[in-house]
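J.: Data: protein-v6.pdb, PDB, C-alpha atoms.
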```pdb
ATOM      1  CA  MET A  26     171.004 -25.975 -23.695
ATOM      2  CA  LYS A  27     167.260 -25.501 -23.854
ATOM      3  CA  THR A  28     164.680 -28.074 -22.809
ATOM      4  CA  VAL A  29     161.406 -28.902 -24.507
ATOM      5  CA  LEU A  30     158.497 -30.914 -23.114
ATOM      6  CA  VAL A  31     156.173 -32.572 -25.613
ATOM      7  CA  THR A  32     153.001 -34.228 -24.373
ATOM      8  CA  GLY A  33     151.803 -37.275 -26.275
ATOM      9  CA  GLY A  34     155.305 -37.648 -27.681
ATOM     10  CA  SER A  35     155.809 -41.374 -28.197
ATOM     11  CA  LYS A  36     154.412 -41.539 -31.736
ATOM     12  CA  GLY A  37     152.660 -39.639 -34.508
ATOM     13  CA  ILE A  38     152.829 -35.857 -34.465
ATOM     14  CA  GLY A  39     154.328 -35.811 -30.970
ATOM     15  CA  ARG A  40     157.225 -38.060 -31.917
ATOM     16  CA  ALA A  41     157.926 -36.027 -35.051
ATOM     17  CA  ILE A  42     158.044 -32.891 -32.902
ATOM     18  CA  CYS A  43     160.458 -34.535 -30.453
ATOM     19  CA  GLU A  44     162.693 -35.677 -33.320
ATOM     20  CA  ILE A  45     162.977 -32.245 -34.890
ATOM     21  CA  PHE A  46     163.963 -30.691 -31.543
ATOM     22  CA  LEU A  47     166.492 -33.478 -30.933
ATOM     23  CA  ASN A  48     168.042 -32.800 -34.325
ATOM     24  CA  LYS A  49     168.439 -29.150 -33.350
ATOM     25  CA  GLY A  50     170.301 -30.043 -30.150
ATOM     26  CA  TYR A  51     167.583 -29.591 -27.520
ATOM     27  CA  ASN A  52     167.071 -31.724 -24.433
ATOM     28  CA  VAL A  53     163.709 -33.378 -24.999
ATOM     29  CA  ALA A  54     161.264 -34.768 -22.478
ATOM     30  CA  PHE A  55     158.025 -36.366 -23.549
ATOM     31  CA  CYS A  56     155.116 -38.064 -21.891
ATOM     32  CA  TYR A  57     152.771 -40.783 -23.041
ATOM     33  CA  SER A  58     149.820 -42.593 -21.521
ATOM     34  CA  LYS A  59     149.457 -46.062 -23.059
ATOM     35  CA  ASP A  60     151.938 -47.378 -25.622
ATOM     36  CA  ASP A  61     154.911 -48.549 -23.535
ATOM     37  CA  GLU A  62     156.630 -50.310 -26.428
ATOM     38  CA  ALA A  63     156.570 -47.243 -28.673
ATOM     39  CA  ALA A  64     157.915 -45.099 -25.828
ATOM     40  CA  LYS A  65     160.721 -47.541 -24.982
ATOM     41  CA  GLU A  66     161.716 -47.878 -28.624
ATOM     42  CA  PHE A  67     161.855 -44.114 -29.061
ATOM     43  CA  LEU A  68     163.703 -43.550 -25.772
ATOM     44  CA  ALA A  69     166.500 -45.843 -26.943
ATOM     45  CA  THR A  70     167.273 -43.584 -29.911
ATOM     46  CA  SER A  71     168.928 -40.730 -27.969
ATOM     47  CA  ASP A  72     170.537 -39.964 -24.618
ATOM     48  CA  LYS A  73     168.980 -36.495 -24.763
ATOM     49  CA  LEU A  74     165.518 -38.014 -24.343
ATOM     50  CA  ARG A  75     163.561 -38.574 -21.148
ATOM     51  CA  CYS A  76     160.096 -40.100 -21.072
ATOM     52  CA  TYR A  77     157.311 -40.233 -18.516
ATOM     53  CA  LYS A  78     154.188 -42.342 -18.388
ATOM     54  CA  VAL A  79     151.761 -39.638 -17.314
ATOM     55  CA  ASP A  80     148.056 -38.974 -17.712
ATOM     56  CA  VAL A  81     148.067 -35.227 -18.377
ATOM     57  CA  SER A  82     144.588 -34.913 -16.883
ATOM     58  CA  VAL A  83     146.045 -35.728 -13.424
ATOM     59  CA  LYS A  84     147.532 -32.490 -12.092
ATOM     60  CA  ASN A  85     149.760 -33.987  -9.377
ATOM     61  CA  ASP A  86     151.380 -36.401 -11.837
ATOM     62  CA  VAL A  87     152.072 -33.576 -14.276
ATOM     63  CA  GLU A  88     153.651 -31.464 -11.544
ATOM     64  CA  GLN A  89     155.885 -34.368 -10.477
ATOM     65  CA  MET A  90     156.971 -34.878 -14.093
ATOM     66  CA  VAL A  91     157.889 -31.213 -14.521
ATOM     67  CA  ALA A  92     159.811 -31.251 -11.227
ATOM     68  CA  ASP A  93     161.781 -34.295 -12.375
ATOM     69  CA  ILE A  94     162.563 -32.679 -15.728
ATOM     70  CA  ALA A  95     163.869 -29.624 -13.886
ATOM     71  CA  GLU A  96     166.234 -31.807 -11.850
ATOM     72  CA  THR A  97     167.424 -33.687 -14.942
ATOM     73  CA  PHE A  98     167.629 -31.038 -17.650
ATOM     74  CA  GLY A  99     166.680 -27.742 -16.019
ATOM     75  CA  THR A 100     163.407 -25.880 -16.252
ATOM     76  CA  VAL A 101     161.235 -26.296 -19.331
ATOM     77  CA  ASP A 102     161.880 -23.613 -21.967
ATOM     78  CA  ILE A 103     159.331 -24.839 -24.508
ATOM     79  CA  LEU A 104     156.074 -26.682 -23.866
ATOM     80  CA  VAL A 105     154.189 -28.374 -26.689
ATOM     81  CA  ASN A 106     150.660 -29.366 -25.635
ATOM     82  CA  ASN A 107     150.058 -32.162 -28.117
ATOM     83  CA  ALA A 108     148.388 -34.970 -26.134
ATOM     84  CA  ALA A 109     144.865 -35.643 -27.317
ATOM     85  CA  ILE A 110     142.250 -38.344 -27.679
ATOM     86  CA  GLY A 111     139.184 -38.513 -29.911
ATOM     87  CA  CYS A 112     135.887 -40.317 -30.214
ATOM     88  CA  ILE A 113     134.021 -40.680 -33.492
ATOM     89  CA  LYS A 114     130.328 -41.167 -32.862
ATOM     90  CA  LEU A 115     127.024 -39.332 -32.974
ATOM     91  CA  PHE A 116     126.638 -36.658 -30.308
ATOM     92  CA  THR A 117     123.417 -38.329 -29.152
ATOM     93  CA  ASP A 118     125.292 -41.596 -28.581
ATOM     94  CA  MET A 119     128.064 -40.039 -26.500
ATOM     95  CA  SER A 120     128.022 -40.701 -22.777
ATOM     96  CA  GLU A 121     128.890 -38.088 -20.176
ATOM     97  CA  ILE A 122     131.892 -40.200 -19.165
ATOM     98  CA  GLU A 123     133.238 -40.144 -22.735
ATOM     99  CA  TRP A 124     132.604 -36.405 -23.006
ATOM    100  CA  GLN A 125     134.370 -35.633 -19.738
ATOM    101  CA  ARG A 126     137.334 -37.873 -20.579
ATOM    102  CA  ILE A 127     138.006 -36.094 -23.876
ATOM    103  CA  LEU A 128     137.745 -32.690 -22.211
ATOM    104  CA  SER A 129     139.993 -33.761 -19.327
ATOM    105  CA  VAL A 130     142.810 -34.965 -21.600
ATOM    106  CA  ASN A 131     142.642 -32.493 -24.468
ATOM    107  CA  LEU A 132     141.788 -29.300 -22.606
ATOM    108  CA  THR A 133     142.413 -29.786 -18.883
ATOM    109  CA  GLY A 134     145.629 -31.607 -19.766
ATOM    110  CA  ALA A 135     146.890 -28.492 -21.542
ATOM    111  CA  PHE A 136     145.875 -26.419 -18.519
ATOM    112  CA  ASN A 137     147.731 -28.742 -16.124
ATOM    113  CA  CYS A 138     150.943 -28.778 -18.155
ATOM    114  CA  THR A 139     150.903 -25.045 -18.795
ATOM    115  CA  SER A 140     150.243 -24.321 -15.125
ATOM    116  CA  ALA A 141     153.203 -26.486 -14.148
ATOM    117  CA  VAL A 142     155.778 -24.785 -16.398
ATOM    118  CA  LEU A 143     154.524 -21.207 -16.445
ATOM    119  CA  PRO A 144     155.810 -19.973 -13.051
ATOM    120  CA  ASP A 145     159.437 -20.670 -14.040
ATOM    121  CA  MET A 146     158.902 -19.065 -17.449
ATOM    122  CA  ILE A 147     157.498 -15.948 -15.808
ATOM    123  CA  ARG A 148     160.407 -15.883 -13.372
ATOM    124  CA  LYS A 149     162.918 -16.140 -16.236
ATOM    125  CA  LYS A 150     160.860 -13.837 -18.469
ATOM    126  CA  SER A 151     161.366 -16.308 -21.271
ATOM    127  CA  GLY A 152     159.440 -19.232 -22.688
ATOM    128  CA  HIS A 153     157.325 -20.648 -25.466
ATOM    129  CA  ILE A 154     154.032 -22.542 -25.277
ATOM    130  CA  ILE A 155     152.686 -24.181 -28.417
ATOM    131  CA  ASN A 156     149.229 -25.742 -28.438
ATOM    132  CA  ILE A 157     148.369 -28.318 -31.085
ATOM    133  CA  SER A 158     144.761 -27.702 -32.046
ATOM    134  CA  SER A 159     143.057 -28.918 -35.231
ATOM    135  CA  MET A 160     141.171 -27.649 -38.239
ATOM    136  CA  TRP A 161     138.127 -29.169 -36.525
ATOM    137  CA  GLY A 162     138.564 -26.579 -33.798
ATOM    138  CA  VAL A 163     137.942 -23.962 -36.479
ATOM    139  CA  THR A 164     135.339 -25.614 -38.709
ATOM    140  CA  GLY A 165     133.862 -28.324 -36.487
ATOM    141  CA  ALA A 166     133.561 -31.987 -37.469
ATOM    142  CA  SER A 167     130.394 -34.036 -37.652
ATOM    143  CA  CYS A 168     130.495 -37.005 -35.253
ATOM    144  CA  GLU A 169     133.479 -35.443 -33.452
ATOM    145  CA  VAL A 170     131.718 -32.805 -31.379
ATOM    146  CA  ALA A 171     133.702 -33.360 -28.173
ATOM    147  CA  TYR A 172     137.038 -33.365 -29.989
ATOM    148  CA  SER A 173     136.102 -30.253 -31.977
ATOM    149  CA  THR A 174     135.002 -28.527 -28.765
ATOM    150  CA  THR A 175     138.346 -29.146 -27.063
ATOM    151  CA  LYS A 176     140.345 -28.033 -30.079
ATOM    152  CA  ALA A 177     138.315 -24.814 -30.313
ATOM    153  CA  GLY A 178     138.943 -24.350 -26.609
ATOM    154  CA  LEU A 179     142.704 -24.604 -27.160
ATOM    155  CA  ILE A 180     142.506 -21.824 -29.723
ATOM    156  CA  GLY A 181     140.696 -19.592 -27.246
ATOM    157  CA  MET A 182     143.148 -20.498 -24.504
ATOM    158  CA  THR A 183     146.054 -19.612 -26.787
ATOM    159  CA  LYS A 184     144.707 -16.185 -27.693
ATOM    160  CA  ALA A 185     143.855 -15.239 -24.121
ATOM    161  CA  LEU A 186     147.023 -16.577 -22.496
ATOM    162  CA  ALA A 187     149.216 -14.901 -25.120
ATOM    163  CA  LYS A 188     147.824 -11.534 -24.027
ATOM    164  CA  GLU A 189     148.275 -12.380 -20.354
ATOM    165  CA  VAL A 190     151.880 -13.569 -20.420
ATOM    166  CA  GLY A 191     153.209 -11.577 -23.385
ATOM    167  CA  PRO A 192     154.454  -8.811 -21.057
ATOM    168  CA  SER A 193     156.657 -11.481 -19.432
ATOM    169  CA  ASN A 194     158.253 -12.179 -22.834
ATOM    170  CA  ILE A 195     156.460 -15.526 -23.160
ATOM    171  CA  ARG A 196     155.016 -16.459 -26.519
ATOM    172  CA  VAL A 197     151.903 -18.593 -26.778
ATOM    173  CA  ASN A 198     150.971 -19.916 -30.186
ATOM    174  CA  CYS A 199     148.681 -22.496 -31.704
ATOM    175  CA  ILE A 200     148.881 -24.770 -34.734
ATOM    176  CA  ALA A 201     145.658 -26.135 -36.217
ATOM    177  CA  PRO A 202     146.653 -28.900 -38.649
ATOM    178  CA  GLY A 203     144.391 -30.330 -41.290
ATOM    179  CA  VAL A 204     143.973 -34.079 -41.668
ATOM    180  CA  ILE A 205     147.304 -35.740 -40.847
ATOM    181  CA  ASP A 206     148.416 -39.305 -41.495
ATOM    182  CA  THR A 207     148.501 -40.550 -37.894
ATOM    183  CA  GLU A 208     147.200 -43.488 -35.893
ATOM    184  CA  MET A 209     144.198 -41.401 -34.823
ATOM    185  CA  ASN A 210     143.073 -41.205 -38.445
ATOM    186  CA  ALA A 211     144.080 -44.755 -39.367
ATOM    187  CA  ALA A 212     140.556 -46.024 -38.705
ATOM    188  CA  LEU A 213     139.109 -43.890 -41.498
ATOM    189  CA  ASP A 214     138.100 -45.923 -44.526
ATOM    190  CA  GLU A 215     139.768 -45.313 -47.868
ATOM    191  CA  ALA A 216     136.796 -43.458 -49.345
ATOM    192  CA  THR A 217     136.753 -41.020 -46.421
ATOM    193  CA  ARG A 218     140.514 -40.492 -46.630
ATOM    194  CA  GLU A 219     140.239 -39.784 -50.343
ATOM    195  CA  GLU A 220     137.385 -37.334 -49.777
ATOM    196  CA  LEU A 221     139.372 -35.503 -47.098
ATOM    197  CA  ALA A 222     142.461 -35.395 -49.294
ATOM    198  CA  ASN A 223     140.516 -34.003 -52.230
ATOM    199  CA  SER A 224     139.057 -31.261 -50.022
ATOM    200  CA  THR A 225     142.516 -29.845 -49.227
ATOM    201  CA  PRO A 226     144.356 -27.400 -51.516
ATOM    202  CA  LEU A 227     147.250 -29.853 -52.071
ATOM    203  CA  CYS A 228     144.827 -32.763 -52.604
ATOM    204  CA  ARG A 229     146.627 -34.962 -50.092
ATOM    205  CA  ILE A 230     146.698 -35.794 -46.405
ATOM    206  CA  GLY A 231     149.457 -34.087 -44.425
ATOM    207  CA  SER A 232     152.374 -35.688 -42.582
ATOM    208  CA  ALA A 233     153.451 -35.513 -38.962
ATOM    209  CA  ALA A 234     156.801 -34.114 -40.078
ATOM    210  CA  GLU A 235     155.077 -31.115 -41.653
ATOM    211  CA  VAL A 236     153.348 -30.294 -38.377
ATOM    212  CA  ALA A 237     156.647 -30.692 -36.525
ATOM    213  CA  ALA A 238     158.317 -28.263 -38.916
ATOM    214  CA  ALA A 239     155.622 -25.689 -38.138
ATOM    215  CA  VAL A 240     156.240 -26.133 -34.406
TER     216      VAL A 240
END
```
What do you get writing this file as structure tokens?
T.:
Amino acid sequence: MKTVLVTGGSKGIGRAICEIFLNKGYNVAFCYSKDDEAAKEFLATSDKLRCYKVDVSVKNDVEQMVADIAETFGTVDILVNNAAIGCIKLFTDMSEIEWQRILSVNLTGAFNCTSAVLPDMIRKKSGHIINISSMWGVTGASCEVAYSTTKAGLIGMTKALAKEVGPSNIRVNCIAPGVIDTEMNAALDEATREELANSTPLCRIGSAAEVAAAV
């Protein structure tokens, strides 16, 4: 039975991804950083779930998590780099601490998790890495420069790593969703949500389940 690791998996897109893998019979491990109640509630839904409170920007903690997953389920067959944070404000108002924090979670976090699972994938000559980027990584978003930068970085990482590990039969892909109905976007006012919906071909905001289906 294959094992998937989903970062940022306690709610939103991450939880939807975990649920679709569970329904297909996978062992699923996920990590989260803050919402203990959401994680506990989700964990209680299946005995094929394992959860870890881990800050993906801390390399040692990520490595310990992956080692524990290997002991529990076996080595990770599929990694979904989904964990991300954002910050909506003018670029000129952003502090260096805020900038570095977003980069460390969204981009360095993906590096840490990928680095932890890749050696076993290369050894087995099998594996899948899926990075969750964003449309803002393609088009850029005003007042979300740091977030857009990290999501563009994930796209570049995906393209380069796919070439590097493809000969080892490892696939690296990226999904760049549009605006999705998640907690991250819950702070948007109704007028903004309507404007964003009207700018999409289907004239609506997407769902976490649709992103999970793509994964």
J.: Quick one: distance from atom CA of A:Val31 to atom CA of A:Ile113 in Å, one decimal?
T.: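 Between atom CA of A:Val31 and atom CA of A:Ile113 the gap is 24.9 Å.
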J.: I'd like the residues picked by the PyMOL selection byres ((chain A and resi 133-138) around 6) written out as a count of residues only, using the chain letters and numbers from the file.
T.: 11
J.: Please tabulate, as a tab-separated table, the residues of stretch 38-68 of chain A that come within 12 Å of stretch 142-160 of chain A, each with its closest pair of atoms and the distance in Å to one decimal, counting only C-alpha atoms and ordering rows by chain, then residue number upward.
T.:
```
residue	atom	partner	partner_atom	distance
A:Ile38	CA	A:Ile157	CA	9.4
A:Gly39	CA	A:Ile157	CA	9.6
A:Ile42	CA	A:Ile157	CA	10.9
```
J.: Please evaluate the PyMOL selection byres ((chain A and resi 95-100) around 8) against the structure above and give the resulting residues as a PDB file with C-alpha atoms, in the frame of the given file.
T.:
```pdb
ATOM      1  CA  THR A  28     164.680 -28.074 -22.809  1.00  0.00           C
ATOM      2  CA  ASN A  52     167.071 -31.724 -24.433  1.00  0.00           C
ATOM      3  CA  VAL A  91     157.889 -31.213 -14.521  1.00  0.00           C
ATOM      4  CA  ALA A  92     159.811 -31.251 -11.227  1.00  0.00           C
ATOM      5  CA  ASP A  93     161.781 -34.295 -12.375  1.00  0.00           C
ATOM      6  CA  ILE A  94     162.563 -32.679 -15.728  1.00  0.00           C
ATOM      7  CA  VAL A 101     161.235 -26.296 -19.331  1.00  0.00           C
ATOM      8  CA  ASP A 102     161.880 -23.613 -21.967  1.00  0.00           C
ATOM      9  CA  VAL A 142     155.778 -24.785 -16.398  1.00  0.00           C
ATOM     10  CA  ASP A 145     159.437 -20.670 -14.040  1.00  0.00           C
TER      11      ASP A 145
END
```
J.: With only C-alpha atoms counted, which protein, DNA or RNA residues have an atom no more than 10 Å from (124.9, -38.3, -33.4) in the file frame? Please answer as number ranges by chain.
T.: A: 113-119, 167-170
